[in-house]
Amino acid sequence: MVQSVLGIVGGSGFYNLPGLAHAEWRHIESPWGTPSDAILFADIDGLPIRFLPRHGRGHKLSPSDIDYRANVDALKRAGVTDLVSVSACGSLKKKYKPGDFVLPDQFIDRTFARKTSFFGKGCVAHVAMGDPTSPLLHKALENAAKSEKIKMHRGGTYLAMEGPQFSTRAESNLYRSWDCDVIGMTNMPEAKLAREAELCYASVAMVTDYDCWHDDHAHVDVAAIIKVMQENTGKAQRLVARLARDFPREHPACPIGSDKALEVAIITPPEARDPELLKKLDAVAGRVLG
Ligand SMILES: CSC[C@H]1O[C@H](OP(=O)(O)O)[C@H](O)[C@@H]1O
Ligand SMILES: Nc1ncnc2[nH]cnc12
């Protein structure tokens with residue numbers, strides 16, 4: 001049996017998880033770089049929780065400066081089996097209002113200045129990304145939202161842009177014409193790397209604004225985002241606490257195979273693999289590389 005360890009990546013405005021038992025910030029080293037911050041080790045009703053503030057406490061890292069590989073690797077080293085991202089996002093449709101929570105089940109990656117894979121020269125792997133999020137995590141998050149009376153929309157496409165500037169109106173309308181639902185700057189390559197690390201992944205996208213396409217709303221700015229985020233953070237913390245209390249203590253096998261993603265992904269044969277790269281892959285791919 002594999003014990004569940006719930007990882008939480010806190011986005012803008014979500015830098016701490018107060019009131020947890022046995023809470024302790026621990027620095028985890030990663031061969032991939034420097035994680036955004038120490039990881040808060042704690043538990044809720046006996047379920048181990050590992051919390052990492054994505055931009056660091058004090059919001060010191062922009063979306064392009066975050067070392068997503070180091071973050072996912074450090075969370076894997078900290079024992080995480082299931083990873084929930086909590087993010088601020090802009091709404092690309094009228095039906096998603098500031099304060100609403102969305103559970104995206106698809107992503108479009110428009111980022112271009114980030115390291116997107118643990119694999120490469122000396123060990124090539126191609127993981128499946130057709131279904132990038134975990135249906136079991138979605139169900140658990142939906143139930144937690146229901147119990148906490150938080151409005152949540154299940155499903156939708158999250159457009160990940162590079163930033164740090166917000167979109168032009170032409171870009172925003174382009175993404176709307178692609179039928180995207182919400183926009184943010186961080187869930188890619190995070191979701192790809194979580195899959196490579198065989199972590200079940202889900203993102204809670206908390207709507208803070210209507211980006212810049214909506215005639216009846218002012219264009220997005222950070223002050224407005226912070227205001228909505230302050231209202232949202234309490235809700236997000238309640239959601240996480242409820243999710244943890246009701247979470248299965250034994251990690252259930254992922255119905256879409258996220259927790260076994262590497263079994264059918266590595267194409268480089270053992271004799272051709274680079275030993276230096278294999279050393280760095282000890283946490284994310286140790287299960288299959290031995
Ligand atoms: C502070 S507004 C823009 C910023 O907020 C979101 O971050 P996160 O996903 O970590 O909550 C968005 O993606 C941008 O990075
Ligand atoms: N409109 C927006 N675009 C990109 N990232 C965001 N994060 C919050 N609102 C956003």
# chains A, B, ... in the order shown; residues from 1 in each chain; ligands from 1
call {"tool": "residues_around", "arguments": {"residues": "A:Lys279", "least_positions_apart": "5", "cutoff": "12 Å", "atoms": "only C-alpha atoms", "output": "ChimeraX atom specification"}}
result
/A:30-32,118-119,122-123,273-274,284-286,289-290
call {"tool": "write_last_selection", "arguments": {"atoms": "C-alpha atoms", "output": "PDB file, in the first residue's frame"}}
result
ATOM      1  CA  SER A  30      17.023  19.458  -5.668  1.00  0.00           C
ATOM      2  CA  PRO A  31      19.570  18.567  -8.358  1.00  0.00           C
ATOM      3  CA  TRP A  32      17.370  20.545 -10.778  1.00  0.00           C
ATOM      4  CA  PHE A 118      13.125  16.416 -16.658  1.00  0.00           C
ATOM      5  CA  PHE A 119      14.100  14.283 -19.630  1.00  0.00           C
ATOM      6  CA  GLY A 122      20.744  10.838 -22.470  1.00  0.00           C
ATOM      7  CA  CYS A 123      17.281   9.752 -21.398  1.00  0.00           C
ATOM      8  CA  ARG A 273      21.302   6.299 -21.000  1.00  0.00           C
ATOM      9  CA  ASP A 274      23.507   9.033 -19.550  1.00  0.00           C
ATOM     10  CA  VAL A 284      11.091  11.655 -10.244  1.00  0.00           C
ATOM     11  CA  ALA A 285      11.883   8.432 -12.098  1.00  0.00           C
ATOM     12  CA  GLY A 286      13.509   6.226  -9.435  1.00  0.00           C
ATOM     13  CA  LEU A 289      14.817   3.468 -13.420  1.00  0.00           C
ATOM     14  CA  GLY A 290      15.648   1.467 -10.273  1.00  0.00           C
TER      15      GLY A 290
END
call {"tool": "residues_near_ligand", "arguments": {"ligand": "ligand 2", "cutoff": "6 Å", "atoms": "only C-alpha atoms and all ligand atoms", "output": "list of chain:residue names"}}
result
A:Ala88, A:Cys89, A:Gly90, A:Phe166, A:Ile183, A:Gly184, A:Met185, A:Thr208, A:Asp209, A:Asp211, A:Val220
call {"tool": "closest_residue", "arguments": {"among": "A:Met188, A:Ile28, A:Met152, A:Ala125", "to": "ligand 1", "atoms": "only C-alpha atoms and all ligand atoms"}}
result
A:Met188
call {"tool": "residues_near_ligand", "arguments": {"ligand": "ligand 1", "cutoff": "9 Å", "atoms": "only C-alpha atoms and all ligand atoms", "output": "VMD selection string"}}
result
chain A and resid 9 to 14 53 to 55 59 62 to 64 85 to 90 160 to 166 183 to 187 205 to 206 208 220 to 223 225 to 226 229
call {"tool": "write_last_selection", "arguments": {"atoms": "C-alpha atoms", "output": "short mmCIF file (atom, residue, chain, number, x, y, z; two decimals), in the first residue's frame"}}
result
data_model
loop_
_atom_site.label_atom_id
_atom_site.label_comp_id
_atom_site.auth_asym_id
_atom_site.auth_seq_id
_atom_site.Cartn_x
_atom_site.Cartn_y
_atom_site.Cartn_z
CA VAL A 9 1.32 24.56 -4.44
CA GLY A 10 0.05 27.93 -3.28
CA GLY A 11 -0.16 30.64 -5.91
CA SER A 12 -0.48 34.41 -5.75
CA GLY A 13 -1.82 35.50 -2.37
CA PHE A 14 -1.55 31.99 -0.90
CA PRO A 53 4.39 28.73 -2.01
CA ARG A 54 4.98 28.90 -5.75
CA HIS A 55 6.35 32.43 -5.86
CA HIS A 59 6.17 36.78 -3.73
CA SER A 62 7.83 36.03 -11.31
CA PRO A 63 6.17 33.19 -13.28
CA SER A 64 9.18 33.03 -15.66
CA SER A 85 -2.20 23.69 -7.42
CA VAL A 86 -4.10 26.73 -6.21
CA SER A 87 -3.84 29.63 -8.64
CA ALA A 88 -5.20 33.07 -9.39
CA CYS A 89 -6.53 33.36 -12.94
CA GLY A 90 -8.39 35.65 -15.29
CA ALA A 160 -0.91 29.36 -19.73
CA MET A 161 0.84 32.50 -20.99
CA GLU A 162 4.43 33.54 -20.36
CA GLY A 163 3.83 36.96 -18.78
CA PRO A 164 4.73 38.77 -16.65
CA GLN A 165 2.74 41.39 -18.58
CA PHE A 166 -0.95 40.62 -18.93
CA ILE A 183 -5.94 32.37 -18.19
CA GLY A 184 -2.91 32.29 -15.92
CA MET A 185 0.87 32.18 -16.05
CA THR A 186 1.94 29.16 -14.00
CA ASN A 187 0.10 25.89 -14.54
CA ALA A 205 -8.09 28.22 -10.60
CA MET A 206 -9.54 31.07 -8.56
CA THR A 208 -9.77 37.23 -9.88
CA VAL A 220 -7.00 43.57 -15.04
CA ASP A 221 -4.52 45.12 -12.62
CA VAL A 222 -2.62 43.73 -9.64
CA ALA A 223 -4.48 45.85 -7.06
CA ILE A 225 -6.36 40.87 -8.19
CA ILE A 226 -5.00 41.25 -4.65
CA MET A 229 -7.34 37.14 -3.72
#
call {"tool": "atom_distance", "arguments": {"atom1": "atom CA of A:Cys200", "atom2": "atom CA of A:Thr157"}}
result
17.8 Å
call {"tool": "select_by_dssp", "arguments": {"residues": "stretch 98-182 of chain A", "states": "helix (DSSP H, G or I)", "output": "count of residues only"}}
result
22
call {"tool": "select_by_dssp", "arguments": {"residues": "stretch 14-236 of chain A", "states": "strand (DSSP E or B)", "output": "PyMOL selection string"}}
result
chain A and resi 21-26+30+33+39-44+47-53+82-91+101-103+106-110+120+123+125+152-154+157-161+182-184+200-209
call {"tool": "write_last_selection", "arguments": {"atoms": "C-alpha atoms", "output": "PDB file, in the first residue's frame"}}
result
ATOM      1  CA  ALA A  21      -0.472  20.162  13.305  1.00  0.00           C
ATOM      2  CA  HIS A  22       3.268  19.437  13.482  1.00  0.00           C
ATOM      3  CA  ALA A  23       4.057  22.245  11.034  1.00  0.00           C
ATOM      4  CA  GLU A  24       7.689  22.761  10.127  1.00  0.00           C
ATOM      5  CA  TRP A  25       9.343  24.511   7.148  1.00  0.00           C
ATOM      6  CA  ARG A  26      12.077  22.293   5.680  1.00  0.00           C
ATOM      7  CA  SER A  30      17.023  19.458  -5.668  1.00  0.00           C
ATOM      8  CA  GLY A  33      17.830  23.928  -9.152  1.00  0.00           C
ATOM      9  CA  ILE A  39       8.331  23.252   2.025  1.00  0.00           C
ATOM     10  CA  LEU A  40       5.902  23.339   4.937  1.00  0.00           C
ATOM     11  CA  PHE A  41       5.637  19.791   6.322  1.00  0.00           C
ATOM     12  CA  ALA A  42       2.514  19.286   8.444  1.00  0.00           C
ATOM     13  CA  ASP A  43      -0.504  17.081   8.807  1.00  0.00           C
ATOM     14  CA  ILE A  44      -4.274  17.398   8.938  1.00  0.00           C
ATOM     15  CA  LEU A  47      -2.785  13.036   6.522  1.00  0.00           C
ATOM     16  CA  PRO A  48       0.693  14.305   5.610  1.00  0.00           C
ATOM     17  CA  ILE A  49       0.580  17.703   3.870  1.00  0.00           C
ATOM     18  CA  ARG A  50       3.444  19.348   1.962  1.00  0.00           C
ATOM     19  CA  PHE A  51       2.861  23.006   1.099  1.00  0.00           C
ATOM     20  CA  LEU A  52       5.053  25.049  -1.242  1.00  0.00           C
ATOM     21  CA  PRO A  53       4.390  28.729  -2.008  1.00  0.00           C
ATOM     22  CA  ASP A  82      -1.112  13.884  -5.164  1.00  0.00           C
ATOM     23  CA  LEU A  83      -0.497  17.515  -6.071  1.00  0.00           C
ATOM     24  CA  VAL A  84      -3.069  20.301  -5.995  1.00  0.00           C
ATOM     25  CA  SER A  85      -2.199  23.694  -7.422  1.00  0.00           C
ATOM     26  CA  VAL A  86      -4.097  26.731  -6.211  1.00  0.00           C
ATOM     27  CA  SER A  87      -3.840  29.634  -8.643  1.00  0.00           C
ATOM     28  CA  ALA A  88      -5.201  33.072  -9.390  1.00  0.00           C
ATOM     29  CA  CYS A  89      -6.526  33.361 -12.937  1.00  0.00           C
ATOM     30  CA  GLY A  90      -8.387  35.652 -15.291  1.00  0.00           C
ATOM     31  CA  SER A  91     -11.802  34.707 -16.656  1.00  0.00           C
ATOM     32  CA  PHE A 101     -13.322  28.538  -8.496  1.00  0.00           C
ATOM     33  CA  VAL A 102     -12.696  26.519 -11.696  1.00  0.00           C
ATOM     34  CA  LEU A 103     -11.191  23.027 -11.998  1.00  0.00           C
ATOM     35  CA  GLN A 106      -7.218  20.929 -20.134  1.00  0.00           C
ATOM     36  CA  PHE A 107      -4.314  23.315 -20.654  1.00  0.00           C
ATOM     37  CA  ILE A 108      -2.909  25.175 -23.623  1.00  0.00           C
ATOM     38  CA  ASP A 109       0.756  25.955 -23.140  1.00  0.00           C
ATOM     39  CA  ARG A 110       1.762  29.312 -24.625  1.00  0.00           C
ATOM     40  CA  GLY A 120      16.278  14.999 -22.663  1.00  0.00           C
ATOM     41  CA  CYS A 123      17.281   9.752 -21.398  1.00  0.00           C
ATOM     42  CA  ALA A 125      10.767  10.203 -22.454  1.00  0.00           C
ATOM     43  CA  MET A 152     -16.846  25.563  -8.277  1.00  0.00           C
ATOM     44  CA  HIS A 153     -17.044  24.882 -12.028  1.00  0.00           C
ATOM     45  CA  ARG A 154     -15.765  21.453 -13.068  1.00  0.00           C
ATOM     46  CA  THR A 157      -9.330  24.970 -20.494  1.00  0.00           C
ATOM     47  CA  TYR A 158      -6.593  26.993 -18.777  1.00  0.00           C
ATOM     48  CA  LEU A 159      -4.436  29.041 -21.132  1.00  0.00           C
ATOM     49  CA  ALA A 160      -0.912  29.357 -19.731  1.00  0.00           C
ATOM     50  CA  MET A 161       0.841  32.495 -20.985  1.00  0.00           C
ATOM     51  CA  VAL A 182      -9.400  30.881 -17.831  1.00  0.00           C
ATOM     52  CA  ILE A 183      -5.944  32.370 -18.190  1.00  0.00           C
ATOM     53  CA  GLY A 184      -2.905  32.293 -15.922  1.00  0.00           C
ATOM     54  CA  CYS A 200      -1.625  12.997  -9.780  1.00  0.00           C
ATOM     55  CA  TYR A 201      -2.292  16.679 -10.507  1.00  0.00           C
ATOM     56  CA  ALA A 202      -5.209  19.071 -10.305  1.00  0.00           C
ATOM     57  CA  SER A 203      -5.445  22.826 -10.392  1.00  0.00           C
ATOM     58  CA  VAL A 204      -7.922  25.018  -8.561  1.00  0.00           C
ATOM     59  CA  ALA A 205      -8.091  28.217 -10.596  1.00  0.00           C
ATOM     60  CA  MET A 206      -9.537  31.069  -8.560  1.00  0.00           C
ATOM     61  CA  VAL A 207     -10.995  33.759 -10.785  1.00  0.00           C
ATOM     62  CA  THR A 208      -9.771  37.232  -9.885  1.00  0.00           C
ATOM     63  CA  ASP A 209     -10.662  39.326 -12.975  1.00  0.00           C
TER      64      ASP A 209
END
call {"tool": "atom_distance", "arguments": {"atom1": "atom CA of A:Arg287", "atom2": "atom CA of A:Thr111"}}
result
29.4 Å
call {"tool": "closest_residue", "arguments": {"among": "A:Lys95, A:His219, A:Arg242, A:Lys76", "to": "A:Ser167", "atoms": "only C-alpha atoms"}}
result
A:His219
call {"tool": "decode", "arguments": {"residues": "stretch 107-148 of chain A", "atoms": "N, CA and C atoms", "output": "PDB file, in the first residue's frame"}}
result
ATOM      1  N   PHE A 107      -5.217  22.157 -20.652  1.00  0.00           N
ATOM      2  CA  PHE A 107      -4.314  23.315 -20.654  1.00  0.00           C
ATOM      3  C   PHE A 107      -3.842  23.563 -22.080  1.00  0.00           C
ATOM      4  N   ILE A 108      -3.631  24.830 -22.393  1.00  0.00           N
ATOM      5  CA  ILE A 108      -2.909  25.175 -23.623  1.00  0.00           C
ATOM      6  C   ILE A 108      -1.662  25.915 -23.171  1.00  0.00           C
ATOM      7  N   ASP A 109      -0.521  25.418 -23.624  1.00  0.00           N
ATOM      8  CA  ASP A 109       0.756  25.955 -23.140  1.00  0.00           C
ATOM      9  C   ASP A 109       1.302  26.972 -24.136  1.00  0.00           C
ATOM     10  N   ARG A 110       1.198  28.244 -23.787  1.00  0.00           N
ATOM     11  CA  ARG A 110       1.762  29.312 -24.625  1.00  0.00           C
ATOM     12  C   ARG A 110       3.008  29.908 -23.963  1.00  0.00           C
ATOM     13  N   THR A 111       3.565  29.215 -22.978  1.00  0.00           N
ATOM     14  CA  THR A 111       4.802  29.707 -22.363  1.00  0.00           C
ATOM     15  C   THR A 111       5.957  29.362 -23.301  1.00  0.00           C
ATOM     16  N   PHE A 112       7.057  30.131 -23.189  1.00  0.00           N
ATOM     17  CA  PHE A 112       8.165  29.869 -24.111  1.00  0.00           C
ATOM     18  C   PHE A 112       9.533  30.066 -23.476  1.00  0.00           C
ATOM     19  N   ALA A 113       9.584  30.423 -22.197  1.00  0.00           N
ATOM     20  CA  ALA A 113      10.894  30.712 -21.605  1.00  0.00           C
ATOM     21  C   ALA A 113      11.124  29.877 -20.349  1.00  0.00           C
ATOM     22  N   ARG A 114      10.750  28.606 -20.412  1.00  0.00           N
ATOM     23  CA  ARG A 114      10.843  27.757 -19.222  1.00  0.00           C
ATOM     24  C   ARG A 114      11.370  26.375 -19.590  1.00  0.00           C
ATOM     25  N   LYS A 115      11.993  25.728 -18.641  1.00  0.00           N
ATOM     26  CA  LYS A 115      12.416  24.335 -18.833  1.00  0.00           C
ATOM     27  C   LYS A 115      11.178  23.459 -18.617  1.00  0.00           C
ATOM     28  N   THR A 116      10.840  22.651 -19.637  1.00  0.00           N
ATOM     29  CA  THR A 116       9.545  21.971 -19.595  1.00  0.00           C
ATOM     30  C   THR A 116       9.625  20.466 -19.341  1.00  0.00           C
ATOM     31  N   SER A 117      10.861  19.930 -19.176  1.00  0.00           N
ATOM     32  CA  SER A 117      10.956  18.469 -19.003  1.00  0.00           C
ATOM     33  C   SER A 117      12.144  18.105 -18.123  1.00  0.00           C
ATOM     34  N   PHE A 118      11.992  16.991 -17.392  1.00  0.00           N
ATOM     35  CA  PHE A 118      13.125  16.416 -16.658  1.00  0.00           C
ATOM     36  C   PHE A 118      13.995  15.579 -17.602  1.00  0.00           C
ATOM     37  N   PHE A 119      13.419  15.214 -18.729  1.00  0.00           N
ATOM     38  CA  PHE A 119      14.100  14.283 -19.630  1.00  0.00           C
ATOM     39  C   PHE A 119      14.763  15.048 -20.768  1.00  0.00           C
ATOM     40  N   GLY A 120      15.595  14.350 -21.552  1.00  0.00           N
ATOM     41  CA  GLY A 120      16.278  14.999 -22.663  1.00  0.00           C
ATOM     42  C   GLY A 120      17.498  14.178 -23.038  1.00  0.00           C
ATOM     43  N   LYS A 121      18.547  14.889 -23.468  1.00  0.00           N
ATOM     44  CA  LYS A 121      19.760  14.212 -23.963  1.00  0.00           C
ATOM     45  C   LYS A 121      20.248  13.144 -22.971  1.00  0.00           C
ATOM     46  N   GLY A 122      20.256  11.901 -23.358  1.00  0.00           N
ATOM     47  CA  GLY A 122      20.744  10.838 -22.470  1.00  0.00           C
ATOM     48  C   GLY A 122      19.638  10.052 -21.797  1.00  0.00           C
ATOM     49  N   CYS A 123      18.447  10.537 -21.853  1.00  0.00           N
ATOM     50  CA  CYS A 123      17.281   9.752 -21.398  1.00  0.00           C
ATOM     51  C   CYS A 123      16.020  10.490 -21.868  1.00  0.00           C
ATOM     52  N   VAL A 124      15.487   9.991 -22.975  1.00  0.00           N
ATOM     53  CA  VAL A 124      14.346  10.661 -23.612  1.00  0.00           C
ATOM     54  C   VAL A 124      13.049   9.960 -23.185  1.00  0.00           C
ATOM     55  N   ALA A 125      12.075  10.772 -22.831  1.00  0.00           N
ATOM     56  CA  ALA A 125      10.767  10.203 -22.454  1.00  0.00           C
ATOM     57  C   ALA A 125       9.661  11.077 -23.034  1.00  0.00           C
ATOM     58  N   HIS A 126       8.563  10.436 -23.387  1.00  0.00           N
ATOM     59  CA  HIS A 126       7.394  11.156 -23.891  1.00  0.00           C
ATOM     60  C   HIS A 126       6.182  10.681 -23.091  1.00  0.00           C
ATOM     61  N   VAL A 127       5.753  11.472 -22.128  1.00  0.00           N
ATOM     62  CA  VAL A 127       4.574  11.050 -21.357  1.00  0.00           C
ATOM     63  C   VAL A 127       3.301  11.523 -22.063  1.00  0.00           C
ATOM     64  N   ALA A 128       2.218  10.784 -21.826  1.00  0.00           N
ATOM     65  CA  ALA A 128       0.918  11.160 -22.407  1.00  0.00           C
ATOM     66  C   ALA A 128       0.352  12.355 -21.644  1.00  0.00           C
ATOM     67  N   MET A 129      -0.247  13.306 -22.379  1.00  0.00           N
ATOM     68  CA  MET A 129      -0.828  14.487 -21.725  1.00  0.00           C
ATOM     69  C   MET A 129      -2.279  14.727 -22.154  1.00  0.00           C
ATOM     70  N   GLY A 130      -2.885  13.696 -22.775  1.00  0.00           N
ATOM     71  CA  GLY A 130      -4.260  13.868 -23.268  1.00  0.00           C
ATOM     72  C   GLY A 130      -5.221  14.261 -22.155  1.00  0.00           C
ATOM     73  N   ASP A 131      -5.018  13.648 -20.998  1.00  0.00           N
ATOM     74  CA  ASP A 131      -5.825  13.981 -19.813  1.00  0.00           C
ATOM     75  C   ASP A 131      -4.854  14.440 -18.730  1.00  0.00           C
ATOM     76  N   PRO A 132      -4.598  15.737 -18.650  1.00  0.00           N
ATOM     77  CA  PRO A 132      -3.533  16.198 -17.762  1.00  0.00           C
ATOM     78  C   PRO A 132      -3.887  16.258 -16.281  1.00  0.00           C
ATOM     79  N   THR A 133      -5.169  16.099 -15.958  1.00  0.00           N
ATOM     80  CA  THR A 133      -5.540  16.219 -14.532  1.00  0.00           C
ATOM     81  C   THR A 133      -6.166  14.926 -14.025  1.00  0.00           C
ATOM     82  N   SER A 134      -6.160  14.794 -12.703  1.00  0.00           N
ATOM     83  CA  SER A 134      -6.600  13.550 -12.078  1.00  0.00           C
ATOM     84  C   SER A 134      -8.100  13.574 -11.789  1.00  0.00           C
ATOM     85  N   PRO A 135      -8.859  12.622 -12.355  1.00  0.00           N
ATOM     86  CA  PRO A 135     -10.303  12.600 -12.089  1.00  0.00           C
ATOM     87  C   PRO A 135     -10.618  12.381 -10.609  1.00  0.00           C
ATOM     88  N   LEU A 136      -9.788  11.608  -9.897  1.00  0.00           N
ATOM     89  CA  LEU A 136     -10.073  11.367  -8.475  1.00  0.00           C
ATOM     90  C   LEU A 136      -9.857  12.636  -7.661  1.00  0.00           C
ATOM     91  N   LEU A 137      -8.803  13.385  -7.998  1.00  0.00           N
ATOM     92  CA  LEU A 137      -8.584  14.656  -7.298  1.00  0.00           C
ATOM     93  C   LEU A 137      -9.726  15.623  -7.599  1.00  0.00           C
ATOM     94  N   HIS A 138     -10.185  15.625  -8.839  1.00  0.00           N
ATOM     95  CA  HIS A 138     -11.297  16.516  -9.184  1.00  0.00           C
ATOM     96  C   HIS A 138     -12.540  16.179  -8.367  1.00  0.00           C
ATOM     97  N   LYS A 139     -12.822  14.892  -8.265  1.00  0.00           N
ATOM     98  CA  LYS A 139     -14.011  14.476  -7.493  1.00  0.00           C
ATOM     99  C   LYS A 139     -13.849  14.915  -6.034  1.00  0.00           C
ATOM    100  N   ALA A 140     -12.644  14.675  -5.491  1.00  0.00           N
ATOM    101  CA  ALA A 140     -12.400  15.033  -4.087  1.00  0.00           C
ATOM    102  C   ALA A 140     -12.515  16.552  -3.887  1.00  0.00           C
ATOM    103  N   LEU A 141     -12.010  17.320  -4.847  1.00  0.00           N
ATOM    104  CA  LEU A 141     -12.077  18.787  -4.722  1.00  0.00           C
ATOM    105  C   LEU A 141     -13.519  19.269  -4.855  1.00  0.00           C
ATOM    106  N   GLU A 142     -14.251  18.641  -5.757  1.00  0.00           N
ATOM    107  CA  GLU A 142     -15.666  19.013  -5.921  1.00  0.00           C
ATOM    108  C   GLU A 142     -16.446  18.744  -4.644  1.00  0.00           C
ATOM    109  N   ASN A 143     -16.204  17.572  -4.041  1.00  0.00           N
ATOM    110  CA  ASN A 143     -16.900  17.241  -2.793  1.00  0.00           C
ATOM    111  C   ASN A 143     -16.529  18.224  -1.689  1.00  0.00           C
ATOM    112  N   ALA A 144     -15.230  18.565  -1.628  1.00  0.00           N
ATOM    113  CA  ALA A 144     -14.777  19.496  -0.583  1.00  0.00           C
ATOM    114  C   ALA A 144     -15.438  20.860  -0.794  1.00  0.00           C
ATOM    115  N   ALA A 145     -15.529  21.296  -2.057  1.00  0.00           N
ATOM    116  CA  ALA A 145     -16.145  22.597  -2.348  1.00  0.00           C
ATOM    117  C   ALA A 145     -17.622  22.574  -1.961  1.00  0.00           C
ATOM    118  N   LYS A 146     -18.280  21.446  -2.251  1.00  0.00           N
ATOM    119  CA  LYS A 146     -19.698  21.336  -1.897  1.00  0.00           C
ATOM    120  C   LYS A 146     -19.872  21.448  -0.378  1.00  0.00           C
ATOM    121  N   SER A 147     -19.030  20.699   0.356  1.00  0.00           N
ATOM    122  CA  SER A 147     -19.139  20.736   1.820  1.00  0.00           C
ATOM    123  C   SER A 147     -18.881  22.135   2.358  1.00  0.00           C
ATOM    124  N   GLU A 148     -17.993  22.867   1.717  1.00  0.00           N
ATOM    125  CA  GLU A 148     -17.628  24.205   2.205  1.00  0.00           C
ATOM    126  C   GLU A 148     -18.468  25.306   1.543  1.00  0.00           C
TER     127      GLU A 148
END
